[in-house]
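In what follows, a structure is listed as C-alpha cells, so that the remarks can point back to it.
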Amino acid sequence: MTAVSRLDSLARTAQSDRMIANKPISASTTGAALLPALLSRPYPAVMGVLNVTPDSFSDGGQFASPERALAQARKMIAEGADIIDIGAESTRPYGGSQPVTAKEELKRLQPVLADVVSLGVPVSIDSMKSEVVAWALDAGAAIANDVWGLQRDSGMAALVAARHSPVIIMHNRDRADPAIDIMKDISGFFARSLDIAAKAGVLPGQIVLDPGIGFGKTPAQSMITLARLDELRSFGLPLLVGASRKRFISTVSPSEPDQRLGGSIAAHLIAAQRGAAIIRTHDVAETVQALRVAAAIREQQ
Ligand code: HH2
C-alpha cells in the first residue's frame with residue numbers, strides 16, 4: 001500500500017466513524033442551512049487550519065505546496081474536522097509576516113482550493129480581502145472568515161450579504177493596549193461590525209462572532225477573553241475560538257508554537273465550557289478527542 005492509499009483508507013475509516021459519531025456536514029449544505037447543521041451537536045464543531053503560506057506563525061511553509069496542502073486537508077477530515085479553514089496570507093497575529101496582494105493570495109489558493117472543496121466538508125476562506133473571498137466562494141468555499149470583522153474591506157459586508165454565506169466576524173486591533181478593558185473593546189467592536197452587517201443586509205443567522213485570541217491583545221488579555229468568554233453570549237450569536245498554539249500559552253509555559261498542544265487544549269476546553277460553538281485548531285485529532293471526552297464527562301453530571 002502506498003503512503004497516499006494508506007492515507008485514503010485511513011480517511012475512509014475515520015470518516016465512517018465520524019458519520020456514526022456525529023452526522024457529517026456535507027459540502028453541499030450551504031447558505032442558511034450550514035450554520036444550524038454545524039451547531040447541532042452536543043460539542044463544538046471543529047475547524048481545521050490549513051495555511052497555504054510561507055510565513056504563518058506556527059506552520060509557515062509546511063503546506064505551501066498543493067500536494068501537501070491537500071494531504072493535510074484529508075488528514076484533518078479523517079481526524080474529524082467539520083470545517084477546513086484555508087488561508088493564503090498570514091494574518092500576522094504577532095507581526096513579522098509580509099502583507100501580500102490579492103493577486104499573490106489567489107496564486108496560492110488557485111492550485112488547491114477546488115480540490116479541498118471536493119473532499120466534501122465545508123471550507124471557510126480566511127482572508128481579509130473581499131476580492132479573494134469572492135473568488136473563493138465562486139470556487140466552492142462556503143464560509144467567509146474575516147479577521148477584521150467587516151471593518152477593513154468596505155466590500156466585504158455587501159459580498160457576504162449577496163452570497164448569503166455565513167461569515168465569521170473576528171475582533172482585531174492594530175496594536176495591543178494593556179490599559180484598556182478588553183471585554184468592553186471586543187463588545188464595542190462587535191456592535192460596530194453587526195451594524196455594518198445589518199446595513200448591508202447580512203442576516204443575523206449567518207453570523208459567527210470570534211474574540212480573536214492573540215489579535216491586538218496582550219497575552220493576559222487573551223486569557224481574560226477566554227476566562228470571560230460567556231459574557232459575549234449576550235450577543236445571541238454562535239462564538240468561535242481559535243487559541244491554537246497562540247503566544248499567551250508560552251507566557252505560562254515557555255514553548256515554541258508546535259509545542260503548545262497541551263495549552264491549546266486547555267484553552268479550548270475552557271472556551272467550550274464558556275459557550276464556544278466552533279473551535280479553530282491546527283491539531284484536529286487531539287482537539288476532537290478532548291472535546292468529546294469533556295462532553296461525555298459532563299453528560300454524567
Ligand atoms: N487565528 C489565525 C488566523 N485566522 N481566524 C479566526 N476566525 N480566528 C482566529 O483565531 C484566527 C484566524 C492565526 O492562526 P494561523 O492561521 O495559524 O496563523 P497565520 O495567520 O500566521 O497564518
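So you can find residues: chains in the C-alpha cells are A, B, ... in the order shown, residues in each start at 1, and ligands are numbered from 1 in order.
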
Counting only C-alpha atoms, which residues in range 219-292 of chain A sit no more than 12 Å from range 184-201 of chain A? For each one, give the nearest pair of atoms and the distance in Å, sorted by chain then residue number, as JSON lines.
```
{"residue": "A:Gln221", "atom": "CA", "partner": "A:Ile186", "partner_atom": "CA", "distance": 10.9}
{"residue": "A:Ser222", "atom": "CA", "partner": "A:Ile186", "partner_atom": "CA", "distance": 11.3}
{"residue": "A:Ile224", "atom": "CA", "partner": "A:Ile186", "partner_atom": "CA", "distance": 11.6}
{"residue": "A:Thr225", "atom": "CA", "partner": "A:Ile186", "partner_atom": "CA", "distance": 8.9}
{"residue": "A:Arg228", "atom": "CA", "partner": "A:Lys184", "partner_atom": "CA", "distance": 11.2}
{"residue": "A:Leu229", "atom": "CA", "partner": "A:Ile186", "partner_atom": "CA", "distance": 10.5}
{"residue": "A:Glu231", "atom": "CA", "partner": "A:Ser187", "partner_atom": "CA", "distance": 9.2}
{"residue": "A:Leu232", "atom": "CA", "partner": "A:Ser187", "partner_atom": "CA", "distance": 7.3}
{"residue": "A:Arg233", "atom": "CA", "partner": "A:Ser187", "partner_atom": "CA", "distance": 10.5}
{"residue": "A:Ser234", "atom": "CA", "partner": "A:Ser187", "partner_atom": "CA", "distance": 9.6}
{"residue": "A:Phe235", "atom": "CA", "partner": "A:Phe190", "partner_atom": "CA", "distance": 8.7}
{"residue": "A:Gly236", "atom": "CA", "partner": "A:Leu194", "partner_atom": "CA", "distance": 11.8}
{"residue": "A:Leu237", "atom": "CA", "partner": "A:Leu194", "partner_atom": "CA", "distance": 10.7}
{"residue": "A:Leu239", "atom": "CA", "partner": "A:Phe190", "partner_atom": "CA", "distance": 11.6}
```

Export N, CA and C atoms of the chosen residues as a PDB file, in the first residue's frame?
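What landed in result_34.pdb:
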```pdb
ATOM      1  N   GLN A 221      -4.559  39.681  28.208  1.00  0.00           N
ATOM      2  CA  GLN A 221      -5.896  39.986  27.663  1.00  0.00           C
ATOM      3  C   GLN A 221      -6.477  38.794  26.903  1.00  0.00           C
ATOM      4  N   SER A 222      -5.619  38.021  26.249  1.00  0.00           N
ATOM      5  CA  SER A 222      -6.133  36.807  25.594  1.00  0.00           C
ATOM      6  C   SER A 222      -6.712  35.859  26.635  1.00  0.00           C
ATOM      7  N   ILE A 224      -7.848  36.707  29.653  1.00  0.00           N
ATOM      8  CA  ILE A 224      -9.080  37.305  30.209  1.00  0.00           C
ATOM      9  C   ILE A 224     -10.248  37.004  29.266  1.00  0.00           C
ATOM     10  N   THR A 225      -9.987  37.142  27.968  1.00  0.00           N
ATOM     11  CA  THR A 225     -11.041  36.911  26.968  1.00  0.00           C
ATOM     12  C   THR A 225     -11.569  35.481  27.064  1.00  0.00           C
ATOM     13  N   ARG A 228     -13.567  35.016  30.343  1.00  0.00           N
ATOM     14  CA  ARG A 228     -14.869  35.725  30.394  1.00  0.00           C
ATOM     15  C   ARG A 228     -15.659  35.568  29.096  1.00  0.00           C
ATOM     16  N   LEU A 229     -15.345  34.516  28.343  1.00  0.00           N
ATOM     17  CA  LEU A 229     -15.998  34.320  27.043  1.00  0.00           C
ATOM     18  C   LEU A 229     -17.523  34.329  27.155  1.00  0.00           C
ATOM     19  N   GLU A 231     -19.479  36.096  28.646  1.00  0.00           N
ATOM     20  CA  GLU A 231     -20.109  37.432  28.576  1.00  0.00           C
ATOM     21  C   GLU A 231     -20.521  37.760  27.135  1.00  0.00           C
ATOM     22  N   LEU A 232     -19.795  37.185  26.174  1.00  0.00           N
ATOM     23  CA  LEU A 232     -20.082  37.504  24.767  1.00  0.00           C
ATOM     24  C   LEU A 232     -21.313  36.753  24.251  1.00  0.00           C
ATOM     25  N   ARG A 233     -21.839  35.856  25.081  1.00  0.00           N
ATOM     26  CA  ARG A 233     -23.064  35.149  24.678  1.00  0.00           C
ATOM     27  C   ARG A 233     -24.254  36.098  24.631  1.00  0.00           C
ATOM     28  N   SER A 234     -24.092  37.261  25.260  1.00  0.00           N
ATOM     29  CA  SER A 234     -25.215  38.221  25.279  1.00  0.00           C
ATOM     30  C   SER A 234     -25.572  38.695  23.868  1.00  0.00           C
ATOM     31  N   PHE A 235     -24.660  38.529  22.899  1.00  0.00           N
ATOM     32  CA  PHE A 235     -24.995  38.912  21.516  1.00  0.00           C
ATOM     33  C   PHE A 235     -25.975  37.918  20.883  1.00  0.00           C
ATOM     34  N   GLY A 236     -26.119  36.755  21.494  1.00  0.00           N
ATOM     35  CA  GLY A 236     -27.063  35.760  20.989  1.00  0.00           C
ATOM     36  C   GLY A 236     -26.610  35.107  19.695  1.00  0.00           C
ATOM     37  N   LEU A 237     -25.299  35.146  19.435  1.00  0.00           N
ATOM     38  CA  LEU A 237     -24.770  34.549  18.198  1.00  0.00           C
ATOM     39  C   LEU A 237     -23.737  33.475  18.558  1.00  0.00           C
ATOM     40  N   LEU A 239     -20.334  31.518  18.989  1.00  0.00           N
ATOM     41  CA  LEU A 239     -18.972  32.018  19.204  1.00  0.00           C
ATOM     42  C   LEU A 239     -17.958  31.020  18.680  1.00  0.00           C
TER      43      LEU A 239
END
```

Given only C-alpha atoms, how would the per-residue table for range 160-272 of chain A near range 39-60 of chain A read, listing every residue at most 8 Å away with its closest atom pair and distance in Å to one decimal, sorted by chain and number, as JSON lines?
```
{"residue": "A:Arg245", "atom": "CA", "partner": "A:Ser58", "partner_atom": "CA", "distance": 7.0}
{"residue": "A:Pro257", "atom": "CA", "partner": "A:Ser58", "partner_atom": "CA", "distance": 5.3}
{"residue": "A:Asp258", "atom": "CA", "partner": "A:Ser58", "partner_atom": "CA", "distance": 6.4}
{"residue": "A:Ala272", "atom": "CA", "partner": "A:Pro44", "partner_atom": "CA", "distance": 6.7}
```

- request: With a distance cut-off of 9 Å and only C-alpha atoms, select the neighbouring residues of Ser65 in chain A, excluding the residue or stretch itself and same-chain residues fewer than 4 positions from it, and output the selection as a list in words.
  value: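 Surrounding residues, per the criterion: Val52, Gly61, Ala69, Leu70, Arg108, Pro111 and Val112 of chain A.
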
Write the residues of the selection above to a file with C-alpha atoms, as a short mmCIF file (atom, residue, chain, number, x, y, z; two decimals), in the first residue's frame.
```cif
data_model
loop_
_atom_site.label_atom_id
_atom_site.label_comp_id
_atom_site.auth_asym_id
_atom_site.auth_seq_id
_atom_site.Cartn_x
_atom_site.Cartn_y
_atom_site.Cartn_z
CA VAL A 52 -1.01 27.67 2.28
CA GLY A 61 5.81 26.72 4.64
CA ALA A 69 -1.97 21.09 1.48
CA LEU A 70 -4.38 18.52 0.09
CA ARG A 108 -1.54 30.42 -3.65
CA PRO A 111 -3.97 25.25 -7.31
CA VAL A 112 -5.60 23.82 -4.20
#
```

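Among the candidate residues A:Ala267, A:Ala136, A:Pro93, A:Gln289, the one lying nearest to Lys217 in chain A is A:Pro93, with distances computed using only C-alpha atoms.
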
Against ligand 1, which residues of chain A fall within 8 Å? For each one I want the closest pair of atoms and the distance in Å (one decimal), counting only C-alpha atoms and all ligand atoms, rows by chain and increasing residue number, as JSON lines.
```
{"residue": "A:Val49", "atom": "CA", "partner": "ligand 1", "partner_atom_place_in_ligand_line": "16 (O)", "distance": 6.3}
{"residue": "A:Leu50", "atom": "CA", "partner": "ligand 1", "partner_atom_place_in_ligand_line": "16 (O)", "distance": 7.4}
{"residue": "A:Asn51", "atom": "CA", "partner": "ligand 1", "partner_atom_place_in_ligand_line": "22 (O)", "distance": 5.6}
{"residue": "A:Thr53", "atom": "CA", "partner": "ligand 1", "partner_atom_place_in_ligand_line": "22 (O)", "distance": 6.8}
{"residue": "A:Asp55", "atom": "CA", "partner": "ligand 1", "partner_atom_place_in_ligand_line": "21 (O)", "distance": 6.5}
{"residue": "A:Ser56", "atom": "CA", "partner": "ligand 1", "partner_atom_place_in_ligand_line": "21 (O)", "distance": 3.3}
{"residue": "A:Phe57", "atom": "CA", "partner": "ligand 1", "partner_atom_place_in_ligand_line": "21 (O)", "distance": 4.1}
{"residue": "A:Ser58", "atom": "CA", "partner": "ligand 1", "partner_atom_place_in_ligand_line": "17 (O)", "distance": 5.8}
{"residue": "A:Asp59", "atom": "CA", "partner": "ligand 1", "partner_atom_place_in_ligand_line": "17 (O)", "distance": 6.7}
{"residue": "A:Gly60", "atom": "CA", "partner": "ligand 1", "partner_atom_place_in_ligand_line": "22 (O)", "distance": 7.0}
{"residue": "A:Gly87", "atom": "CA", "partner": "ligand 1", "partner_atom_place_in_ligand_line": "22 (O)", "distance": 6.6}
{"residue": "A:Ala88", "atom": "CA", "partner": "ligand 1", "partner_atom_place_in_ligand_line": "22 (O)", "distance": 7.4}
{"residue": "A:Glu89", "atom": "CA", "partner": "ligand 1", "partner_atom_place_in_ligand_line": "22 (O)", "distance": 6.2}
{"residue": "A:Ser90", "atom": "CA", "partner": "ligand 1", "partner_atom_place_in_ligand_line": "22 (O)", "distance": 3.6}
{"residue": "A:Thr91", "atom": "CA", "partner": "ligand 1", "partner_atom_place_in_ligand_line": "20 (O)", "distance": 3.5}
{"residue": "A:Arg92", "atom": "CA", "partner": "ligand 1", "partner_atom_place_in_ligand_line": "21 (O)", "distance": 5.0}
{"residue": "A:Pro93", "atom": "CA", "partner": "ligand 1", "partner_atom_place_in_ligand_line": "13 (C)", "distance": 6.1}
{"residue": "A:Tyr94", "atom": "CA", "partner": "ligand 1", "partner_atom_place_in_ligand_line": "21 (O)", "distance": 7.8}
{"residue": "A:Ser97", "atom": "CA", "partner": "ligand 1", "partner_atom_place_in_ligand_line": "21 (O)", "distance": 7.5}
{"residue": "A:Asp126", "atom": "CA", "partner": "ligand 1", "partner_atom_place_in_ligand_line": "4 (N)", "distance": 6.1}
{"residue": "A:Asn145", "atom": "CA", "partner": "ligand 1", "partner_atom_place_in_ligand_line": "7 (N)", "distance": 5.5}
{"residue": "A:Asp146", "atom": "CA", "partner": "ligand 1", "partner_atom_place_in_ligand_line": "7 (N)", "distance": 6.6}
{"residue": "A:Val147", "atom": "CA", "partner": "ligand 1", "partner_atom_place_in_ligand_line": "5 (N)", "distance": 5.5}
{"residue": "A:Ile168", "atom": "CA", "partner": "ligand 1", "partner_atom_place_in_ligand_line": "7 (N)", "distance": 6.0}
{"residue": "A:Ile169", "atom": "CA", "partner": "ligand 1", "partner_atom_place_in_ligand_line": "7 (N)", "distance": 7.1}
{"residue": "A:Met170", "atom": "CA", "partner": "ligand 1", "partner_atom_place_in_ligand_line": "7 (N)", "distance": 5.5}
{"residue": "A:Asp210", "atom": "CA", "partner": "ligand 1", "partner_atom_place_in_ligand_line": "7 (N)", "distance": 5.9}
{"residue": "A:Pro211", "atom": "CA", "partner": "ligand 1", "partner_atom_place_in_ligand_line": "10 (O)", "distance": 7.6}
{"residue": "A:Gly212", "atom": "CA", "partner": "ligand 1", "partner_atom_place_in_ligand_line": "10 (O)", "distance": 4.7}
{"residue": "A:Ile213", "atom": "CA", "partner": "ligand 1", "partner_atom_place_in_ligand_line": "10 (O)", "distance": 5.3}
{"residue": "A:Gly214", "atom": "CA", "partner": "ligand 1", "partner_atom_place_in_ligand_line": "10 (O)", "distance": 7.1}
{"residue": "A:Phe215", "atom": "CA", "partner": "ligand 1", "partner_atom_place_in_ligand_line": "10 (O)", "distance": 7.6}
{"residue": "A:Leu240", "atom": "CA", "partner": "ligand 1", "partner_atom_place_in_ligand_line": "7 (N)", "distance": 7.0}
{"residue": "A:Val241", "atom": "CA", "partner": "ligand 1", "partner_atom_place_in_ligand_line": "10 (O)", "distance": 6.0}
{"residue": "A:Gly242", "atom": "CA", "partner": "ligand 1", "partner_atom_place_in_ligand_line": "10 (O)", "distance": 3.7}
{"residue": "A:Ala243", "atom": "CA", "partner": "ligand 1", "partner_atom_place_in_ligand_line": "10 (O)", "distance": 6.1}
{"residue": "A:Ser244", "atom": "CA", "partner": "ligand 1", "partner_atom_place_in_ligand_line": "14 (O)", "distance": 7.3}
{"residue": "A:Arg245", "atom": "CA", "partner": "ligand 1", "partner_atom_place_in_ligand_line": "17 (O)", "distance": 7.8}
{"residue": "A:Lys246", "atom": "CA", "partner": "ligand 1", "partner_atom_place_in_ligand_line": "14 (O)", "distance": 7.6}
{"residue": "A:Arg280", "atom": "CA", "partner": "ligand 1", "partner_atom_place_in_ligand_line": "8 (N)", "distance": 6.8}
{"residue": "A:His282", "atom": "CA", "partner": "ligand 1", "partner_atom_place_in_ligand_line": "17 (O)", "distance": 7.0}
```

Within range 5-142 of chain A, find each residue whose DSSP state, derived from the backbone, is strand (DSSP E), and express the selection as an mmCIF file with N, CA and C atoms, in the first residue's frame.
```
data_model
loop_
_atom_site.group_PDB
_atom_site.id
_atom_site.type_symbol
_atom_site.label_atom_id
_atom_site.label_comp_id
_atom_site.auth_asym_id
_atom_site.auth_seq_id
_atom_site.Cartn_x
_atom_site.Cartn_y
_atom_site.Cartn_z
ATOM 1 N N ALA A 45 -18.284 22.301 17.015
ATOM 2 C CA ALA A 45 -17.730 21.906 15.721
ATOM 3 C C ALA A 45 -16.240 22.246 15.715
ATOM 4 N N VAL A 46 -15.474 21.492 14.950
ATOM 5 C CA VAL A 46 -14.025 21.716 14.900
ATOM 6 C C VAL A 46 -13.622 22.174 13.507
ATOM 7 N N MET A 47 -12.911 23.290 13.499
ATOM 8 C CA MET A 47 -12.412 23.870 12.247
ATOM 9 C C MET A 47 -10.908 23.600 12.182
ATOM 10 N N GLY A 48 -10.476 22.896 11.153
ATOM 11 C CA GLY A 48 -9.048 22.595 10.998
ATOM 12 C C GLY A 48 -8.362 23.679 10.165
ATOM 13 N N VAL A 49 -7.201 24.124 10.626
ATOM 14 C CA VAL A 49 -6.477 25.224 9.963
ATOM 15 C C VAL A 49 -5.608 24.682 8.831
ATOM 16 N N LEU A 50 -5.765 25.274 7.655
ATOM 17 C CA LEU A 50 -4.906 24.909 6.525
ATOM 18 C C LEU A 50 -4.267 26.180 5.976
ATOM 19 N N ASN A 51 -2.982 26.371 6.312
ATOM 20 C CA ASN A 51 -2.271 27.568 5.878
ATOM 21 C C ASN A 51 -1.433 27.273 4.638
ATOM 22 N N ILE A 83 -14.952 21.586 9.440
ATOM 23 C CA ILE A 83 -14.739 22.693 8.510
ATOM 24 C C ILE A 83 -13.233 22.740 8.245
ATOM 25 N N ILE A 84 -12.851 23.052 7.021
ATOM 26 C CA ILE A 84 -11.431 23.337 6.738
ATOM 27 C C ILE A 84 -11.330 24.836 6.471
ATOM 28 N N ASP A 85 -10.469 25.492 7.244
ATOM 29 C CA ASP A 85 -10.278 26.948 7.108
ATOM 30 C C ASP A 85 -8.985 27.183 6.349
ATOM 31 N N ILE A 86 -9.116 27.612 5.110
ATOM 32 C CA ILE A 86 -7.913 27.767 4.285
ATOM 33 C C ILE A 86 -7.514 29.246 4.223
ATOM 34 N N GLY A 87 -6.230 29.498 4.446
ATOM 35 C CA GLY A 87 -5.732 30.866 4.421
ATOM 36 C C GLY A 87 -4.461 30.935 3.594
ATOM 37 N N VAL A 123 -15.785 24.434 3.502
ATOM 38 C CA VAL A 123 -14.496 25.135 3.529
ATOM 39 C C VAL A 123 -14.761 26.600 3.848
ATOM 40 N N SER A 124 -13.966 27.142 4.787
ATOM 41 C CA SER A 124 -14.049 28.593 5.005
ATOM 42 C C SER A 124 -12.798 29.234 4.435
ATOM 43 N N ILE A 125 -12.951 30.472 3.984
ATOM 44 C CA ILE A 125 -11.823 31.188 3.401
ATOM 45 C C ILE A 125 -11.381 32.262 4.387
ATOM 46 N N ASP A 126 -10.136 32.133 4.856
ATOM 47 C CA ASP A 126 -9.573 33.067 5.838
ATOM 48 C C ASP A 126 -8.856 34.164 5.058
#
```

message: Please report the interatomic distance between CA of Leu226 in chain A and CA of Phe248 in chain A in Å with one decimal.
response: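 Interatomic distance here is 11.1 Å.
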
message: For a quick check of understanding, using only C-alpha atoms, which of A:Val121, A:Val160, A:Val202, A:Ala144 has the smallest distance to Gly80 in chain A?
response: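 Checking each of A:Val121, A:Val160, A:Val202, A:Ala144 against Gly80 in chain A, counting only C-alpha atoms, the winner is A:Val121.
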
- request: Please provide the set of residues having any atom within 10 Å of Ser130 in chain A, restricted to only C-alpha atoms, with same-chain residues fewer than 2 positions apart removed, written as a list of chain:residue names.
  value: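 My reading of the contact set: A:Ala102, A:Ser127, A:Met128, A:Val132, A:Val133, A:Ala134, A:Trp135, A:Ala136, A:Ala144, A:Asp146, A:Leu150, A:Arg152, A:Asp153, A:Ser154, A:Gly155, A:Met156, A:Ala157, A:Ala158, A:Leu159, A:Val160.
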
Limited to N, CA and C atoms, could you put the picked residues into a file as a PDB file, in the first residue's frame?
```pdb
ATOM      1  N   ALA A 102      -3.772  40.718  -3.249  1.00  0.00           N
ATOM      2  CA  ALA A 102      -4.841  39.772  -3.578  1.00  0.00           C
ATOM      3  C   ALA A 102      -4.348  38.815  -4.667  1.00  0.00           C
ATOM      4  N   SER A 127      -9.603  35.223   4.771  1.00  0.00           N
ATOM      5  CA  SER A 127      -9.000  36.332   4.029  1.00  0.00           C
ATOM      6  C   SER A 127      -9.681  37.628   4.427  1.00  0.00           C
ATOM      7  N   MET A 128      -8.889  38.684   4.478  1.00  0.00           N
ATOM      8  CA  MET A 128      -9.467  39.997   4.803  1.00  0.00           C
ATOM      9  C   MET A 128      -9.770  40.807   3.550  1.00  0.00           C
ATOM     10  N   VAL A 132     -10.598  38.296  -2.767  1.00  0.00           N
ATOM     11  CA  VAL A 132     -10.172  36.903  -2.570  1.00  0.00           C
ATOM     12  C   VAL A 132     -11.361  36.062  -2.092  1.00  0.00           C
ATOM     13  N   VAL A 133     -12.143  36.622  -1.167  1.00  0.00           N
ATOM     14  CA  VAL A 133     -13.302  35.878  -0.647  1.00  0.00           C
ATOM     15  C   VAL A 133     -14.296  35.614  -1.781  1.00  0.00           C
ATOM     16  N   ALA A 134     -14.523  36.604  -2.639  1.00  0.00           N
ATOM     17  CA  ALA A 134     -15.460  36.426  -3.765  1.00  0.00           C
ATOM     18  C   ALA A 134     -14.999  35.281  -4.656  1.00  0.00           C
ATOM     19  N   TRP A 135     -13.710  35.270  -4.963  1.00  0.00           N
ATOM     20  CA  TRP A 135     -13.183  34.194  -5.820  1.00  0.00           C
ATOM     21  C   TRP A 135     -13.361  32.840  -5.134  1.00  0.00           C
ATOM     22  N   ALA A 136     -13.035  32.795  -3.833  1.00  0.00           N
ATOM     23  CA  ALA A 136     -13.102  31.514  -3.114  1.00  0.00           C
ATOM     24  C   ALA A 136     -14.545  31.010  -3.021  1.00  0.00           C
ATOM     25  N   ALA A 144     -17.138  32.801   4.920  1.00  0.00           N
ATOM     26  CA  ALA A 144     -16.104  33.850   4.887  1.00  0.00           C
ATOM     27  C   ALA A 144     -15.578  34.047   6.310  1.00  0.00           C
ATOM     28  N   ASP A 146     -13.378  36.583   8.267  1.00  0.00           N
ATOM     29  CA  ASP A 146     -12.757  37.907   8.137  1.00  0.00           C
ATOM     30  C   ASP A 146     -12.150  38.329   9.474  1.00  0.00           C
ATOM     31  N   LEU A 150     -15.423  42.669   9.075  1.00  0.00           N
ATOM     32  CA  LEU A 150     -16.164  43.511   8.103  1.00  0.00           C
ATOM     33  C   LEU A 150     -15.761  44.988   8.182  1.00  0.00           C
ATOM     34  N   ARG A 152     -12.458  46.310   7.618  1.00  0.00           N
ATOM     35  CA  ARG A 152     -11.271  46.745   6.872  1.00  0.00           C
ATOM     36  C   ARG A 152     -11.567  46.939   5.385  1.00  0.00           C
ATOM     37  N   ASP A 153     -12.249  45.945   4.826  1.00  0.00           N
ATOM     38  CA  ASP A 153     -12.537  45.987   3.393  1.00  0.00           C
ATOM     39  C   ASP A 153     -14.008  46.373   3.243  1.00  0.00           C
ATOM     40  N   SER A 154     -14.241  47.521   2.665  1.00  0.00           N
ATOM     41  CA  SER A 154     -15.605  48.057   2.621  1.00  0.00           C
ATOM     42  C   SER A 154     -16.525  47.213   1.735  1.00  0.00           C
ATOM     43  N   GLY A 155     -15.956  46.313   0.934  1.00  0.00           N
ATOM     44  CA  GLY A 155     -16.807  45.485   0.080  1.00  0.00           C
ATOM     45  C   GLY A 155     -17.216  44.166   0.720  1.00  0.00           C
ATOM     46  N   MET A 156     -16.655  43.860   1.900  1.00  0.00           N
ATOM     47  CA  MET A 156     -16.852  42.514   2.462  1.00  0.00           C
ATOM     48  C   MET A 156     -18.307  42.269   2.879  1.00  0.00           C
ATOM     49  N   ALA A 157     -18.917  43.237   3.569  1.00  0.00           N
ATOM     50  CA  ALA A 157     -20.276  43.008   4.086  1.00  0.00           C
ATOM     51  C   ALA A 157     -21.265  42.811   2.933  1.00  0.00           C
ATOM     52  N   ALA A 158     -21.156  43.661   1.916  1.00  0.00           N
ATOM     53  CA  ALA A 158     -22.073  43.533   0.774  1.00  0.00           C
ATOM     54  C   ALA A 158     -21.865  42.190   0.072  1.00  0.00           C
ATOM     55  N   LEU A 159     -20.617  41.764   0.006  1.00  0.00           N
ATOM     56  CA  LEU A 159     -20.327  40.485  -0.657  1.00  0.00           C
ATOM     57  C   LEU A 159     -20.998  39.317   0.071  1.00  0.00           C
ATOM     58  N   VAL A 160     -20.782  39.229   1.395  1.00  0.00           N
ATOM     59  CA  VAL A 160     -21.352  38.070   2.094  1.00  0.00           C
ATOM     60  C   VAL A 160     -22.877  38.143   2.127  1.00  0.00           C
TER      61      VAL A 160
END
```

- prompt: What lies within 8 Å of Pro238 in chain A using only C-alpha atoms, ignoring chain neighbours under 3 positions off, as a ChimeraX atom specification?
  reply: /A:207-209,233,276-278
